[in-house]
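J.: Supplied in structure tokens, the structure appears directly below.
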Amino acid sequence: MSDKFRVSRRQLLKSTAAGVTMLASGGIEPLSALAAGTLTVGFIYVGSKDDYGYNQSHAEAAATFKKMPGVKVVEEENVPETNAVVETMESMINIDSASLIFPTSFGYFDPFMLATAKKYPKVEFRHCGGLWTKADPANTGSYFGYIGMGQYLNGIVAGHMTKSKKLGFIAAKPIPQVLLNINSFLLGARSVDPSITVKTIFTGDWNLPVKEAEAANALADQGIDALTMHVDSPKVIIQTAAGRGLYVCGYHVDQAALAPTKYLTGANWNWAKPYHDFIEEKLGKKPLGQFVRGGIPEGFVKMSPLGAMVTPPARKQFDATLADIMKGGFAIIRGPMKDNKGNIVVPAGKIYPETAIELEKMNYLLDGVIGSTS
Amino acid sequence: MSGPAAIGLWGVPLALIGGAIRVSTPYIFVGLGETITERSGRINLGQEGTLVFGAMIGYGVAIMTGSPWLGVAAACACGAVFGLFHGWICSFPKVNDIAIGIAMMQLGVGLAIFFGKPFIEPAAPHLPAISLGWWSAVPQIKAALDVNSLFILGLALALFLNWAFRNTKYGLMLRVVGDSAEAARAMGLNPNRVRLYATAIGGGLAGIGGAYLSLYYPGSWNEGISSGQGLMAVALVIFARWNPLGCFFAALLFGGAGALGTALQSVGVTQGYYLFYAAPYVLTLIIMTATSSRSDSLVGAPGELSITK
Amino acid sequence: MSNASPDTLTNATAVLVARRPDALASLARHAEAFVIPGAALLAGLGVFSAFLVVLGKSPSAFFLAVYLGGFGSAFSLDNSLTHASPLLLTALCVALPARLGLVIIGGEGALVLGGLAAASIALPLHGMPYFVVLPAMAAAGALVGGFWIGIVGALRTFRGVNETISSLLMAYIGIALMNQLVEGPLRDPASLNKPSTYPIGDAYRLGNIPGMQVHWGLAVGILACIACWALMERTTWGFAARVAGGNVRAAQVQGLPVGKLILAFTFIAGACAGLAGMIEVAAVQGDANASLASGYGYTGILVAFLARQNPLAIIPVAFLLGAIDASGSLLQRHLGLPDATVQVLQGILFITILFSDTLYGHIKWLNPDLWVRARP
């Protein structure tokens with residue numbers, strides 16, 4: 001009974017779609033993607049496309065495909081991590097005939113993207129940041145960048161520039177991606193001077209301008225003289241910290257223009273690279289990558305150019321480390337390592353290169369970080 | 001020169017004072033504006049939308065003209081238009097001011113985000129700070145006492161309103177209209193007109209509060225610029241029992257308590273930060289519960305106000 | 001309805017008029033409730049079209065998008081209904097206390113804590129049958145939500161604390177509590193980049209209504225609206241509440257237990273929002289996490305006011321909001337408009353609809369008196 005009903009519903013959908021195509025001969029172009037041979041790619045963002053941060057880094061990459069022949073880009077911003085994202089994906093599939101979808105926020109992965117993928121086996125889903133495994137549906141996958149290396153390089157520059165030997169890190173939530181960034185920043189700085197500490201403040205959410213500014217002020221009051229961050233829109237932190245005379249290392253996108261005399265460098269995404277690969281594979285009817293990762297060598301992550309105030313020793317170590325990273329397989333997490341509660345978290349002799357899957361499950365802050373994971 | 005010395009645990013009280021000064025200004029302006037509106041017998045929950053729109057337009061105008069003060073003026077003017085609109089619609093019989101306020105909140109925030117996209121990335125000139133910490137050699141104290149002129153204006157406005165409500169013709173008109181429309185009509189006043197102006201002034205002040213957010217602290221326009229400050233300020237008016245000075249101190253208290261979560265983490269108290277972030281709300285609730293009582297809950301409440309009827 | 005010819009309608013009216021002399025007047029009175037908001041809706045769409053024209057966008061493209069995204073197909077209808085279902089319950093959280101004259105705007109807090117409670121109770125009950133676990137989750141969600149808003153009622157009753165501000169404060173506190181627990185003691189260590197509680201398990205998920213892509217929460221919401229309507233309109237308690245809402249002093253003189261009424265109604269209101277949280281966990285998220293706080297509680301306030309605090313009217317209003325929300329997707333993708341367009345549209349529509357309240361009794365041909373007088 002219900003099966004029969006479903007068929008009739010699908011027919012209904014089809015007939016409506018046809019009717020609408022006729023109706024829409026004028027002003028807009030819905031369903032033009034139905035034209036044979038066009039690949040419709042859907043991008044879904046959790047925040048605003050113009051946040052000058054995480055979502056913008058994706059949207060800018062998506063925009064590079066808008067002129068690509070044979071490709072049509074559809075986008076939706078501010079889609080919450082609820083049923084809404086399922087509806088958005090289904091709407092992209094049913095109404096725009098999207099056959100490749102990139103949900104770019106972590107919370108979209110489970111259960112929303114996985115469930116939708118089961119329902120639409122012919123559509124490919126690639127998720128940003130998800131810990132995809134072979135048990136997940138065959139038409140799904142995930143991609144992410146090893147931006148921890150960028151934070152390591154940030155740490156090197158900040159480590160050279162700090163006089164107080166105290167650095168700061170303003171973060172949203174204590175999740176593995178963030179913890180890895182904080183630890184990498186610390187290790188970069190400690191490669192310069194092992195006495196350096198990193199004070200961490202969690203704001204509790206991804207976009208809270210007033211709290212982020214308060215955090216920057218609180219860190220400045222504690223004598224911190226260089227900081228970086230992991231929030232969705234770093235602009236407020238960069239401006240507030242620079243206003244208090246602190247050096248800043250950026251994140252997500254290059255924000256040097258906001259504080260030309262204080263912006264040391266920054267770890268920036270280059271999502272155009274993985275998107276380009278996926279779209280080429282899809283157009284060429286090749287199988288799409290399912291667990292795609294890349295760092296600085298692969299072009300997934302880039303560094304902002306060093307600021308003019310960065311000292312020669314800092315430049316030298318930055319360039320040398322960058323050259324090492326470019327060789328691939330660079331490892332900063334090397335045992336023995338203790339967390340900031342005194343537990344051994346990486347046993348002696350254990351080395352995790354940037355590609356190690358264990359790093360994507362990080363749940364500790366290393367000794368030298370002042371902050372708590374809960 | 002070496003970097004500034006750490007001030008350790010002194011950072012917490014300092015952050016509370018600095019936070020109170022930095023964070024309170026939007027609450028002060030929205031709160032004072034809403035006090036005027038509510039004293040006339042109307043409530044405008046749309047202040048949140050006005051605040052966000054003011055933040056956007058103030059920032060945009062400052063970028064386009066290069067003058068942050070023109071930005072403040074534009075935000076004030078737009079806020080007044082929002083207020084006029086609310087006041088005008090609510091002057092029709094049977095129109096619910098609370099509901100219209102919620103709809104205006106939606107519209108104001110929506111319009112701000114809609115038109116604000118081009119202003120997210122560029123940096124606008126900031127409002128200048130007045131350094132009241134010149135007497136101190138400690139950079140942290142200097143920084144905490146960097147006061148924006150809008151804050152001082154807010155204090156002056158609170159004092160002025162406190163006086164004007166009692167001692168001027170307009171203050172009396174406002175209160176009469178707010179307490180009883182009947183009595184006001186008997187005195188030859190037009191309650192709707194008084195409320196229209198009161199809501200417009202309230203909106204204008206909320207617009208200034210928004211401009212402070214984007215042009216001074218945190219000093220940037222983005223879509224999450226307000227985490228409900230406008231709504232909370234309306235609540236603080238009830239908390240302050242429609243008293244302008246009470247409103248000022250409530251805003252200071254709320255702003256200061258809001259700095260607790262980050263200040264504690266900066267001195268190493270790192271666990272349970274969500275709970276510390278909730279401190280302003282918990283504190284407000286506790287004070288309200290302690291100072292209210294069954295019988296005098298409505299002391300100071302304008303008799304015509306729908307929310308306390 | 002739409003296929004009824006004018007003749008049938010006239011005949012029906014004639015029959016009604018013949019049966020009861022003032023039926024025409026009553027028809028006019030009821031027609032008001034449809035004609036006025038309908039006209040306001042059209043006026044709002046007109047204003048929004050003007051807004052689009054000013055921006056150089058085509059209104060017809062917009063209407064097409066709303067039609068396509070909100071109503072145009074079974075798929076879009078399902079979308080609209082899915083968007084509507086949590087709003088039914090969160091709107092009740094506002095509408096019930098409103099009958100007592102209380103303005104509660106903190107349903108969001110009850111929703112997130114209700115969801116958290118539901119997810120927490122599912123864990124120890126693992127392995128028990130479906131029909132035990134699901135009701136237990138619902139009960140936990142409703143109890144915790146009811147308790148949370150009940151506090152607001154108690155503060156009002158015993159300390160005279162203004163319920164609007166205390167409910168807003170309680171919402172912020174509730175969300176902070178949820179975040180602290182989800183990232184701290186209740187966190188599933190395997191929930192890596194999205195801190196969450198342990199999943200309730202696929203066996204205990206609330207499924208879809210057969211033949212639809214909409215979960216059972218919709219049915220629960222509609223039933224709750226009907227039940228609350230019955231409570232308000234058909235029981236002594238509901239009557240007492242309306243009396244108390246109209247005039248507290250009169251109610252006290254009558255000996256009505258105003259305090260108890262406030263406690264009971266705030267509890268039921270919070271229970272509705274808590275239940276919405278439980279449904280969000282059981283049908284949508286599969287665990288409790290920060291996404292529970294996605295604004296359903298606040299949108300519910302608007303739904304309740306648009307429905308003029310009438311539990312039955314909440315159903316169509318929530319559907320209208322759901323449809324607008326659902327079509328927001330297409331406004332972004334097909335018209336290249338930013339997401340905030342939906343907010344602007346909603347703001348305009350709500351203002352025109354709320355404004356239309358002033359027209360009741362002012363439109364001549366809908367005035368019952370006119371028809372009564374016109375009677376031969």
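A note on labels: chains of the structure tokens are A, B, ... as shown, every chain counts residues from 1, and ligands are counted from 1 in their shown order.
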Neighbours of Val303 of chain C within 7 Å (only C-alpha atoms; same-chain residues fewer than 6 positions away dropped), as a PDB file with N, CA and C atoms, in the first residue's frame?
T.:
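For reference, selection_3.pdb as written:
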ATOM      1  N   ALA C  91       4.936  26.409  20.257  1.00  0.00           N
ATOM      2  CA  ALA C  91       3.926  27.470  20.275  1.00  0.00           C
ATOM      3  C   ALA C  91       2.960  27.252  21.435  1.00  0.00           C
ATOM      4  N   ILE C 314      -2.965  27.343  15.952  1.00  0.00           N
ATOM      5  CA  ILE C 314      -1.522  27.109  15.858  1.00  0.00           C
ATOM      6  C   ILE C 314      -1.203  26.171  14.687  1.00  0.00           C
ATOM      7  N   VAL C 317      -1.040  27.998  11.311  1.00  0.00           N
ATOM      8  CA  VAL C 317       0.023  29.007  11.353  1.00  0.00           C
ATOM      9  C   VAL C 317       1.396  28.335  11.297  1.00  0.00           C
ATOM     10  N   ALA C 318       1.548  27.251  12.059  1.00  0.00           N
ATOM     11  CA  ALA C 318       2.829  26.545  12.048  1.00  0.00           C
ATOM     12  C   ALA C 318       3.118  26.002  10.655  1.00  0.00           C
TER      13      ALA C 318
END
J.: Report as a Markdown table the residues of chain C within 7 Å of chain B, each with its shortest atom pair and distance in Å (one decimal), using only C-alpha atoms, ordered by chain and increasing residue number.
T.:
| residue | atom | partner | partner_atom | distance |
| --- | --- | --- | --- | --- |
| C:Val103 | CA | B:Ile307 | CA | 6.9 |
| C:Phe158 | CA | B:Arg294 | CA | 6.0 |
| C:Arg159 | CA | B:Ser293 | CA | 4.6 |
| C:Gly160 | CA | B:Arg294 | CA | 4.4 |
| C:Val161 | CA | B:Ser292 | CA | 6.0 |
| C:Ile165 | CA | B:Ala235 | CA | 5.1 |
| C:Ser166 | CA | B:Leu285 | CA | 6.4 |
| C:Leu169 | CA | B:Tyr281 | CA | 5.3 |
| C:Tyr172 | CA | B:Ala278 | CA | 6.9 |
| C:Ile173 | CA | B:Ala278 | CA | 5.7 |
| C:Ala176 | CA | B:Tyr274 | CA | 5.3 |
| C:Leu177 | CA | B:Leu275 | CA | 6.7 |
| C:Asn179 | CA | B:Tyr274 | CA | 6.8 |
| C:Gln180 | CA | B:Tyr274 | CA | 5.6 |
| C:Leu302 | CA | B:Ile102 | CA | 6.7 |
| C:Phe305 | CA | B:Ala99 | CA | 5.9 |
| C:Pro338 | CA | B:Phe114 | CA | 6.4 |
| C:Ala340 | CA | B:Gly110 | CA | 5.0 |
| C:Thr341 | CA | B:Phe114 | CA | 6.5 |
| C:Gln343 | CA | B:Gly110 | CA | 4.8 |
| C:Val344 | CA | B:Gly110 | CA | 4.8 |
| C:Gly347 | CA | B:Leu107 | CA | 4.2 |
| C:Ile348 | CA | B:Leu107 | CA | 6.6 |
| C:Phe350 | CA | B:Ala103 | CA | 5.7 |
| C:Ile351 | CA | B:Ala103 | CA | 5.9 |
| C:Leu354 | CA | B:Val95 | CA | 6.6 |
| C:Phe355 | CA | B:Val95 | CA | 5.9 |
| C:Asp357 | CA | B:Val95 | CA | 5.8 |
| C:Thr358 | CA | B:Lys94 | CA | 5.1 |
J.: With C-alpha atoms retained, could you export that selection as a compact mmCIF listing (two decimals), in the first residue's frame?
T.:
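The result, stored in part_0.txt:
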# COMPACT_ATOMS: atom_id res chain seq x y z
CA VAL C 103 3.98 36.06 28.43
CA PHE C 158 5.47 32.83 45.19
CA ARG C 159 7.84 35.73 44.59
CA GLY C 160 6.02 37.88 42.06
CA VAL C 161 8.95 37.63 39.62
CA ILE C 165 12.19 38.04 31.99
CA SER C 166 12.60 34.96 34.21
CA LEU C 169 16.88 34.01 31.74
CA TYR C 172 19.87 31.00 28.60
CA ILE C 173 20.64 29.06 31.77
CA ALA C 176 24.32 26.64 29.21
CA LEU C 177 23.47 23.66 31.40
CA ASN C 179 26.16 22.52 26.78
CA GLN C 180 28.07 21.90 29.98
CA LEU C 302 5.71 34.10 16.93
CA PHE C 305 0.99 35.24 18.75
CA PRO C 338 20.73 35.65 0.77
CA ALA C 340 17.99 36.49 5.37
CA THR C 341 15.37 37.00 2.63
CA GLN C 343 13.46 36.49 7.63
CA VAL C 344 12.51 39.68 5.82
CA GLY C 347 8.82 39.88 9.26
CA ILE C 348 6.69 41.61 6.63
CA PHE C 350 3.77 38.83 10.40
CA ILE C 351 3.48 42.56 10.67
CA LEU C 354 -0.83 41.17 13.19
CA PHE C 355 -1.82 44.59 11.93
CA ASP C 357 -6.19 42.40 13.98
CA THR C 358 -7.35 45.97 13.97
J.: Could you list the residues in chain C lying within 6 Å of chain A, using only C-alpha atoms, and format the result as a PDB file with N, CA and C atoms, in the first residue's frame?
T.:
ATOM      1  N   ALA C  61       9.175  35.074 -10.084  1.00  0.00           N
ATOM      2  CA  ALA C  61      10.149  34.033  -9.767  1.00  0.00           C
ATOM      3  C   ALA C  61      10.075  33.673  -8.294  1.00  0.00           C
ATOM      4  N   SER C  73       4.957  20.148  -4.418  1.00  0.00           N
ATOM      5  CA  SER C  73       5.010  18.713  -4.671  1.00  0.00           C
ATOM      6  C   SER C  73       4.863  18.003  -3.344  1.00  0.00           C
ATOM      7  N   GLY C 184      30.622  17.745  28.968  1.00  0.00           N
ATOM      8  CA  GLY C 184      31.288  17.231  30.153  1.00  0.00           C
ATOM      9  C   GLY C 184      30.822  15.827  30.494  1.00  0.00           C
ATOM     10  N   ASN C 193      33.965  15.466  16.813  1.00  0.00           N
ATOM     11  CA  ASN C 193      33.921  16.893  16.549  1.00  0.00           C
ATOM     12  C   ASN C 193      32.555  17.505  16.789  1.00  0.00           C
ATOM     13  N   LYS C 194      31.617  16.669  17.204  1.00  0.00           N
ATOM     14  CA  LYS C 194      30.296  17.192  17.540  1.00  0.00           C
ATOM     15  C   LYS C 194      29.936  16.621  18.906  1.00  0.00           C
ATOM     16  N   GLY C 211       3.715   6.451   4.585  1.00  0.00           N
ATOM     17  CA  GLY C 211       3.295   7.154   3.381  1.00  0.00           C
ATOM     18  C   GLY C 211       3.775   8.583   3.314  1.00  0.00           C
ATOM     19  N   SER C 291      22.868  21.193  18.820  1.00  0.00           N
ATOM     20  CA  SER C 291      21.932  21.558  17.753  1.00  0.00           C
ATOM     21  C   SER C 291      20.485  21.574  18.229  1.00  0.00           C
ATOM     22  N   ARG C 333      18.727  29.404  -3.695  1.00  0.00           N
ATOM     23  CA  ARG C 333      19.375  28.706  -4.804  1.00  0.00           C
ATOM     24  C   ARG C 333      18.936  29.220  -6.161  1.00  0.00           C
ATOM     25  N   HIS C 334      17.671  29.611  -6.278  1.00  0.00           N
ATOM     26  CA  HIS C 334      17.186  29.975  -7.616  1.00  0.00           C
ATOM     27  C   HIS C 334      17.141  31.473  -7.854  1.00  0.00           C
TER      28      HIS C 334
END
J.: Using only C-alpha atoms, select each residue of chain A with any atom at most 8 Å away from an atom of chain B, and give the selection as a ChimeraX atom specification.
T.: /A:48,50-52,163-164,199-204,207-211,213-215,218-225,235-236,240,244,258,370-374
J.: Can you list, as a PyMOL selection string, all residues belonging to segment 121-252 of chain A that DSSP tags as strand (DSSP E)?
T.: chain A and resi 124-128+140-145+166-171+197-202+226-230+247-252
J.: Quick one: everything within 9 Å of Gly294 of chain A, counting only C-alpha atoms, minus sequence neighbours fewer than 3 positions away in the same chain. Send it as a list of chain:residue names.
T.: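 Contacts, in chain order: A:Tyr143, A:Phe144, A:Gly145, A:Tyr146, A:Ile147, A:Pro274, A:Pro297, A:Glu298, A:Gly299, A:Phe300, A:Val301, A:Thr355.
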J.: Please write the residues from the selection above to a file, keeping C-alpha atoms, as a compact mmCIF listing (two decimals), in the first residue's frame.
T.:
# COMPACT_ATOMS: atom_id res chain seq x y z
CA TYR A 143 37.78 15.25 2.98
CA PHE A 144 39.76 17.47 5.28
CA GLY A 145 43.02 19.35 5.46
CA TYR A 146 45.91 18.92 7.86
CA ILE A 147 45.75 22.48 9.04
CA PRO A 274 39.82 18.93 -3.16
CA PRO A 297 52.21 19.72 0.27
CA GLU A 298 48.93 18.70 -1.38
CA GLY A 299 47.73 22.30 -1.61
CA PHE A 300 44.80 21.90 0.80
CA VAL A 301 46.32 24.35 3.25
CA THR A 355 48.36 11.76 8.28
J.: Rounded to one decimal in Å, what is the spacing between atom CA of Val258 of chain C and atom CA of Ala273 of chain C?
T.: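 These atoms are spaced 22.6 Å apart.
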J.: Taking 4 positions as the minimum chain separation for residues in the same chain, which residues sit within 10 Å of Ser180 of chain B when counting only C-alpha atoms? Answer as a list in words.
T.: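 Within the cut-off, the hits are Ser40, Gly41, Arg175, Val176, Ala184, Arg185, Ala186, Pro191, Pro302, Gly303, Glu304 and Leu305 of chain B.
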J.: Can you pull out every residue from segment 196-276 of chain A that DSSP, working from the backbone, puts in helix (DSSP H, G or I), and format the result as a PyMOL selection string?
T.: chain A and resi 209-221+235-243+256-258+272-276
J.: For the residues in that selection, give me N, CA, C and O atoms as a short mmCIF file (atom, residue, chain, number, x, y, z; two decimals), in the first residue's frame.
T.:
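Saved the output as result01.cif:
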data_model
loop_
_atom_site.label_atom_id
_atom_site.label_comp_id
_atom_site.auth_asym_id
_atom_site.auth_seq_id
_atom_site.Cartn_x
_atom_site.Cartn_y
_atom_site.Cartn_z
N PRO A 209 30.94 37.21 18.85
CA PRO A 209 31.89 38.32 18.77
C PRO A 209 32.23 38.96 20.12
O PRO A 209 33.40 39.24 20.39
N VAL A 210 31.21 39.21 20.96
CA VAL A 210 31.51 39.91 22.21
C VAL A 210 32.41 39.05 23.10
O VAL A 210 33.39 39.53 23.66
N LYS A 211 32.09 37.77 23.20
CA LYS A 211 32.90 36.88 24.04
C LYS A 211 34.31 36.75 23.48
O LYS A 211 35.29 36.66 24.23
N GLU A 212 34.42 36.71 22.16
CA GLU A 212 35.75 36.60 21.55
C GLU A 212 36.58 37.83 21.87
O GLU A 212 37.78 37.73 22.20
N ALA A 213 35.96 39.00 21.81
CA ALA A 213 36.68 40.22 22.13
C ALA A 213 37.07 40.23 23.61
O ALA A 213 38.18 40.62 23.98
N GLU A 214 36.14 39.79 24.47
CA GLU A 214 36.45 39.71 25.90
C GLU A 214 37.61 38.76 26.15
O GLU A 214 38.48 39.01 26.98
N ALA A 215 37.61 37.64 25.44
CA ALA A 215 38.69 36.66 25.61
C ALA A 215 40.03 37.29 25.21
O ALA A 215 41.04 37.12 25.90
N ALA A 216 40.04 38.03 24.10
CA ALA A 216 41.28 38.67 23.67
C ALA A 216 41.77 39.67 24.71
O ALA A 216 42.95 39.73 25.04
N ASN A 217 40.83 40.42 25.29
CA ASN A 217 41.21 41.37 26.33
C ASN A 217 41.72 40.66 27.57
O ASN A 217 42.70 41.10 28.18
N ALA A 218 41.04 39.59 27.97
CA ALA A 218 41.47 38.86 29.16
C ALA A 218 42.87 38.31 28.96
O ALA A 218 43.70 38.34 29.88
N LEU A 219 43.17 37.80 27.77
CA LEU A 219 44.51 37.27 27.51
C LEU A 219 45.54 38.40 27.53
O LEU A 219 46.63 38.24 28.10
N ALA A 220 45.17 39.53 26.96
CA ALA A 220 46.10 40.66 26.97
C ALA A 220 46.40 41.09 28.39
O ALA A 220 47.55 41.39 28.75
N ASP A 221 45.36 41.08 29.24
CA ASP A 221 45.57 41.46 30.64
C ASP A 221 46.54 40.51 31.34
O ASP A 221 47.18 40.88 32.31
N LYS A 235 37.76 37.75 12.61
CA LYS A 235 37.99 39.19 12.44
C LYS A 235 38.03 39.95 13.76
O LYS A 235 38.94 40.74 14.01
N VAL A 236 37.03 39.72 14.62
CA VAL A 236 36.94 40.47 15.87
C VAL A 236 38.17 40.22 16.74
O VAL A 236 38.73 41.15 17.33
N ILE A 237 38.60 38.97 16.81
CA ILE A 237 39.76 38.64 17.65
C ILE A 237 40.99 39.35 17.10
O ILE A 237 41.78 39.94 17.86
N ILE A 238 41.17 39.30 15.79
CA ILE A 238 42.36 39.91 15.20
C ILE A 238 42.37 41.41 15.49
O ILE A 238 43.37 41.98 15.92
N GLN A 239 41.23 42.05 15.31
CA GLN A 239 41.19 43.50 15.52
C GLN A 239 41.37 43.86 17.00
O GLN A 239 42.11 44.79 17.33
N THR A 240 40.69 43.12 17.88
CA THR A 240 40.81 43.44 19.31
C THR A 240 42.23 43.21 19.80
O THR A 240 42.81 44.03 20.50
N ALA A 241 42.80 42.06 19.43
CA ALA A 241 44.15 41.73 19.91
C ALA A 241 45.15 42.74 19.36
O ALA A 241 46.01 43.25 20.09
N ALA A 242 45.05 43.05 18.08
CA ALA A 242 45.98 44.02 17.50
C ALA A 242 45.82 45.38 18.17
O ALA A 242 46.79 46.08 18.42
N GLY A 243 44.56 45.71 18.51
CA GLY A 243 44.31 46.98 19.19
C GLY A 243 44.98 47.03 20.56
O GLY A 243 45.36 48.10 21.03
N ALA A 256 45.40 39.57 6.80
CA ALA A 256 46.50 40.51 7.07
C ALA A 256 46.02 41.96 6.94
O ALA A 256 46.48 42.84 7.68
N ALA A 257 45.08 42.21 6.03
CA ALA A 257 44.63 43.58 5.79
C ALA A 257 44.04 44.21 7.05
O ALA A 257 44.03 45.43 7.18
N LEU A 258 43.55 43.38 7.98
CA LEU A 258 42.92 43.93 9.18
C LEU A 258 43.92 44.52 10.15
O LEU A 258 43.58 45.39 10.95
N ALA A 272 39.54 24.81 -2.82
CA ALA A 272 39.38 24.65 -4.27
C ALA A 272 40.08 23.38 -4.75
O ALA A 272 39.64 22.74 -5.69
N LYS A 273 41.17 23.02 -4.07
CA LYS A 273 41.93 21.84 -4.49
C LYS A 273 41.10 20.56 -4.39
O LYS A 273 40.88 19.89 -5.41
N PRO A 274 40.62 20.17 -3.19
CA PRO A 274 39.82 18.93 -3.16
C PRO A 274 38.55 19.03 -4.00
O PRO A 274 38.17 18.05 -4.65
N TYR A 275 37.90 20.20 -4.00
CA TYR A 275 36.67 20.31 -4.80
C TYR A 275 36.97 20.09 -6.28
O TYR A 275 36.21 19.43 -6.99
N HIS A 276 38.05 20.66 -6.71
CA HIS A 276 38.43 20.49 -8.11
C HIS A 276 38.62 19.01 -8.43
O HIS A 276 38.12 18.50 -9.44
#
J.: Enter the distance from atom CA of Ile333 of chain A to atom CA of Val248 of chain A, in Å, rounded to one decimal.
T.: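 Separation of atom CA of Ile333 of chain A and atom CA of Val248 of chain A: 23.8 Å.
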J.: Could you tell me how far atom CA of Ala308 of chain A sits from atom CA of Ala320 of chain A, in Å to one decimal place?
T.: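 Spanning atom CA of Ala320 of chain A to atom CA of Ala308 of chain A is a straight-line distance of 18.2 Å.
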J.: Please identify all polymer residues within 8 Å of Val342 of chain C, counting only C-alpha atoms, omitting same-chain residues fewer than 3 positions from it, and present them as a ChimeraX atom specification.
T.: /B:110 /C:324-325,328,331,339,345-346
J.: Using only C-alpha atoms, which of the listed residues (B:Pro13, B:Asn44, B:Phe160, B:Gly228) sits closest to Phe85 of chain B?
T.: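 Of B:Pro13, B:Asn44, B:Phe160, B:Gly228, the one nearest Phe85 of chain B, counting only C-alpha atoms, is B:Asn44.
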